[in-house]
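Take a look at the structure below.
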Amino acid sequence: MGEVKFDTVRRLVLGLGCERGTPVQEVLALAEQALREAGVSGGGLAAVASIDSRTNEPAVLSVAAHFSVPAVFFAAGRLEEETPRLANPSAIVFARVGCHGVSEAAALAAAGPDAELAVAKIKSAHATAAVARSGLRKPE
């Protein structure tokens with residue numbers, strides 16, 4: 001469900017969390033802000049990732065389509081496994097969805113076990129975004 005293929009150019013995953021019905025423009029603006037903070041363009045993205053309860057969320061799907069990358073989704077239990085790597089774990093998010101973070105955890109889960117956050121969670125009124133960089137390294 002969440003396997004992402006990386007190459008030397010597309011090594012980033014954009015993690016998104018949002019309330020149901022969040023306007024596409026709000027989430028897209030936040031996504032673009034996160035990429036600017038990471039110092040990259042959408043061309044560096046391998047995927048957009050979120051929690052599986054947002055599989056049909058128009059804003060998440062629209063952001064993935066905007067950047068021409070797949071949207072990948074993870075169960076809350078899988079995202080909870082990423083808690084030790086989160087910069088901003090939240091008890092409030094855990095109480096609502098069953099994991100301590102969505103955007104950071106989804107980005108890290110999709111980017112792999114050696115990934116690190118390039119941009120920790122940023123927020124808009126109804127959404128969160130984070131960027132993880134895969135641990136892909138050139139052969140020595």
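Each chain of the structure tokens is named A, B, ... in the order shown, its residues numbered from 1; ligands are numbered from 1 in display order.
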
Contacts of segment 83-90 of chain A at 12 Å (only C-alpha atoms; same-chain gap of 6+ positions) as an NGL selection string: :A and (76-77 or 96-109 or 112-123 or 128-132)

Using only C-alpha atoms, what table do you get, as CSV, when you list each residue of segment 32-127 of chain A with an atom no more than 7 Å from segment 19-25 of chain A, its nearest pair of atoms, and their distance in Å rounded to one decimal, rows by chain then rising number?
residue,atom,partner,partner_atom,distance
A:Glu57,CA,A:Arg20,CA,6.9
A:Pro58,CA,A:Val24,CA,7.0
A:Ala59,CA,A:Val24,CA,4.3
A:Ser62,CA,A:Val24,CA,6.8
A:His126,CA,A:Glu19,CA,5.7
A:Ala127,CA,A:Glu19,CA,6.4

Strand (DSSP E or B) positions in segment 34-129 of chain A, given as number ranges by chain: A: 45-51, 71-74, 116-123, 127-129

Could those selected residues go to a file with N, CA and C atoms, as a PDB file, in the first residue's frame?
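Result saved to result.pdb:
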ATOM      1  N   LEU A  45       9.686  15.314  -5.822  1.00  0.00           N
ATOM      2  CA  LEU A  45       8.769  14.436  -5.077  1.00  0.00           C
ATOM      3  C   LEU A  45       8.642  13.060  -5.712  1.00  0.00           C
ATOM      4  N   ALA A  46       8.656  12.043  -4.869  1.00  0.00           N
ATOM      5  CA  ALA A  46       8.379  10.678  -5.308  1.00  0.00           C
ATOM      6  C   ALA A  46       6.927  10.317  -5.028  1.00  0.00           C
ATOM      7  N   ALA A  47       6.322  10.944  -3.987  1.00  0.00           N
ATOM      8  CA  ALA A  47       4.950  10.599  -3.606  1.00  0.00           C
ATOM      9  C   ALA A  47       4.397  11.620  -2.622  1.00  0.00           C
ATOM     10  N   VAL A  48       3.091  11.585  -2.473  1.00  0.00           N
ATOM     11  CA  VAL A  48       2.371  12.274  -1.409  1.00  0.00           C
ATOM     12  C   VAL A  48       1.819  11.174  -0.519  1.00  0.00           C
ATOM     13  N   ALA A  49       1.944  11.336   0.803  1.00  0.00           N
ATOM     14  CA  ALA A  49       1.520  10.284   1.728  1.00  0.00           C
ATOM     15  C   ALA A  49       0.597  10.844   2.804  1.00  0.00           C
ATOM     16  N   SER A  50      -0.323   9.992   3.263  1.00  0.00           N
ATOM     17  CA  SER A  50      -1.248  10.396   4.321  1.00  0.00           C
ATOM     18  C   SER A  50      -1.780   9.144   5.024  1.00  0.00           C
ATOM     19  N   ILE A  51      -2.716   9.372   5.920  1.00  0.00           N
ATOM     20  CA  ILE A  51      -3.370   8.291   6.661  1.00  0.00           C
ATOM     21  C   ILE A  51      -4.476   7.683   5.792  1.00  0.00           C
ATOM     22  N   ALA A  71      -0.324   8.959  -4.730  1.00  0.00           N
ATOM     23  CA  ALA A  71      -0.714   9.172  -3.338  1.00  0.00           C
ATOM     24  C   ALA A  71      -0.665   7.810  -2.669  1.00  0.00           C
ATOM     25  N   VAL A  72       0.005   7.735  -1.524  1.00  0.00           N
ATOM     26  CA  VAL A  72       0.094   6.485  -0.770  1.00  0.00           C
ATOM     27  C   VAL A  72      -0.479   6.717   0.611  1.00  0.00           C
ATOM     28  N   PHE A  73      -1.077   5.669   1.166  1.00  0.00           N
ATOM     29  CA  PHE A  73      -1.791   5.806   2.424  1.00  0.00           C
ATOM     30  C   PHE A  73      -1.400   4.695   3.388  1.00  0.00           C
ATOM     31  N   PHE A  74      -1.401   5.027   4.671  1.00  0.00           N
ATOM     32  CA  PHE A  74      -0.991   4.097   5.713  1.00  0.00           C
ATOM     33  C   PHE A  74      -2.039   4.040   6.814  1.00  0.00           C
ATOM     34  N   GLU A 116      14.799  10.812   6.801  1.00  0.00           N
ATOM     35  CA  GLU A 116      14.804  11.839   7.841  1.00  0.00           C
ATOM     36  C   GLU A 116      13.902  12.977   7.394  1.00  0.00           C
ATOM     37  N   LEU A 117      13.419  13.737   8.363  1.00  0.00           N
ATOM     38  CA  LEU A 117      12.567  14.879   8.031  1.00  0.00           C
ATOM     39  C   LEU A 117      13.418  16.008   7.458  1.00  0.00           C
ATOM     40  N   ALA A 118      13.046  16.456   6.279  1.00  0.00           N
ATOM     41  CA  ALA A 118      13.675  17.629   5.678  1.00  0.00           C
ATOM     42  C   ALA A 118      12.940  18.882   6.144  1.00  0.00           C
ATOM     43  N   VAL A 119      11.630  18.740   6.360  1.00  0.00           N
ATOM     44  CA  VAL A 119      10.790  19.811   6.901  1.00  0.00           C
ATOM     45  C   VAL A 119       9.844  19.174   7.902  1.00  0.00           C
ATOM     46  N   ALA A 120       9.959  19.574   9.165  1.00  0.00           N
ATOM     47  CA  ALA A 120       9.029  19.093  10.191  1.00  0.00           C
ATOM     48  C   ALA A 120       7.661  19.717   9.937  1.00  0.00           C
ATOM     49  N   LYS A 121       6.668  19.222  10.621  1.00  0.00           N
ATOM     50  CA  LYS A 121       5.275  19.633  10.416  1.00  0.00           C
ATOM     51  C   LYS A 121       5.095  21.141  10.412  1.00  0.00           C
ATOM     52  N   ILE A 122       4.423  21.614   9.367  1.00  0.00           N
ATOM     53  CA  ILE A 122       3.955  22.999   9.312  1.00  0.00           C
ATOM     54  C   ILE A 122       2.442  22.933   9.200  1.00  0.00           C
ATOM     55  N   LYS A 123       1.766  24.021   9.582  1.00  0.00           N
ATOM     56  CA  LYS A 123       0.305  24.008   9.665  1.00  0.00           C
ATOM     57  C   LYS A 123      -0.328  25.160   8.908  1.00  0.00           C
ATOM     58  N   ALA A 127      -4.915  21.991   7.912  1.00  0.00           N
ATOM     59  CA  ALA A 127      -4.051  20.952   7.349  1.00  0.00           C
ATOM     60  C   ALA A 127      -2.646  21.026   7.933  1.00  0.00           C
ATOM     61  N   THR A 128      -1.905  19.931   7.751  1.00  0.00           N
ATOM     62  CA  THR A 128      -0.492  19.881   8.121  1.00  0.00           C
ATOM     63  C   THR A 128       0.283  19.284   6.956  1.00  0.00           C
ATOM     64  N   ALA A 129       1.560  19.634   6.887  1.00  0.00           N
ATOM     65  CA  ALA A 129       2.434  19.088   5.850  1.00  0.00           C
ATOM     66  C   ALA A 129       3.821  18.902   6.438  1.00  0.00           C
TER      67      ALA A 129
END

Which of chain A fall in alpha helix (DSSP H), as a PyMOL selection string: chain A and resi 24-38+58-66+76-80+91-97+103-111

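For the pair atom CA of Gly15 of chain A and atom CA of Ala110 of chain A, the separation is 8.6 Å.
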
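In terms of minimum interatomic distance to Gly42 of chain A, A:Leu12 ranks closest within A:Cys18, A:Ala95, A:Val60, A:Leu12, counting only C-alpha atoms.
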
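Shortest atom-to-atom contact with Ser41 of chain A among A:Arg133, A:Phe67, A:Ser124, A:Ala75: A:Phe67, counting only C-alpha atoms.
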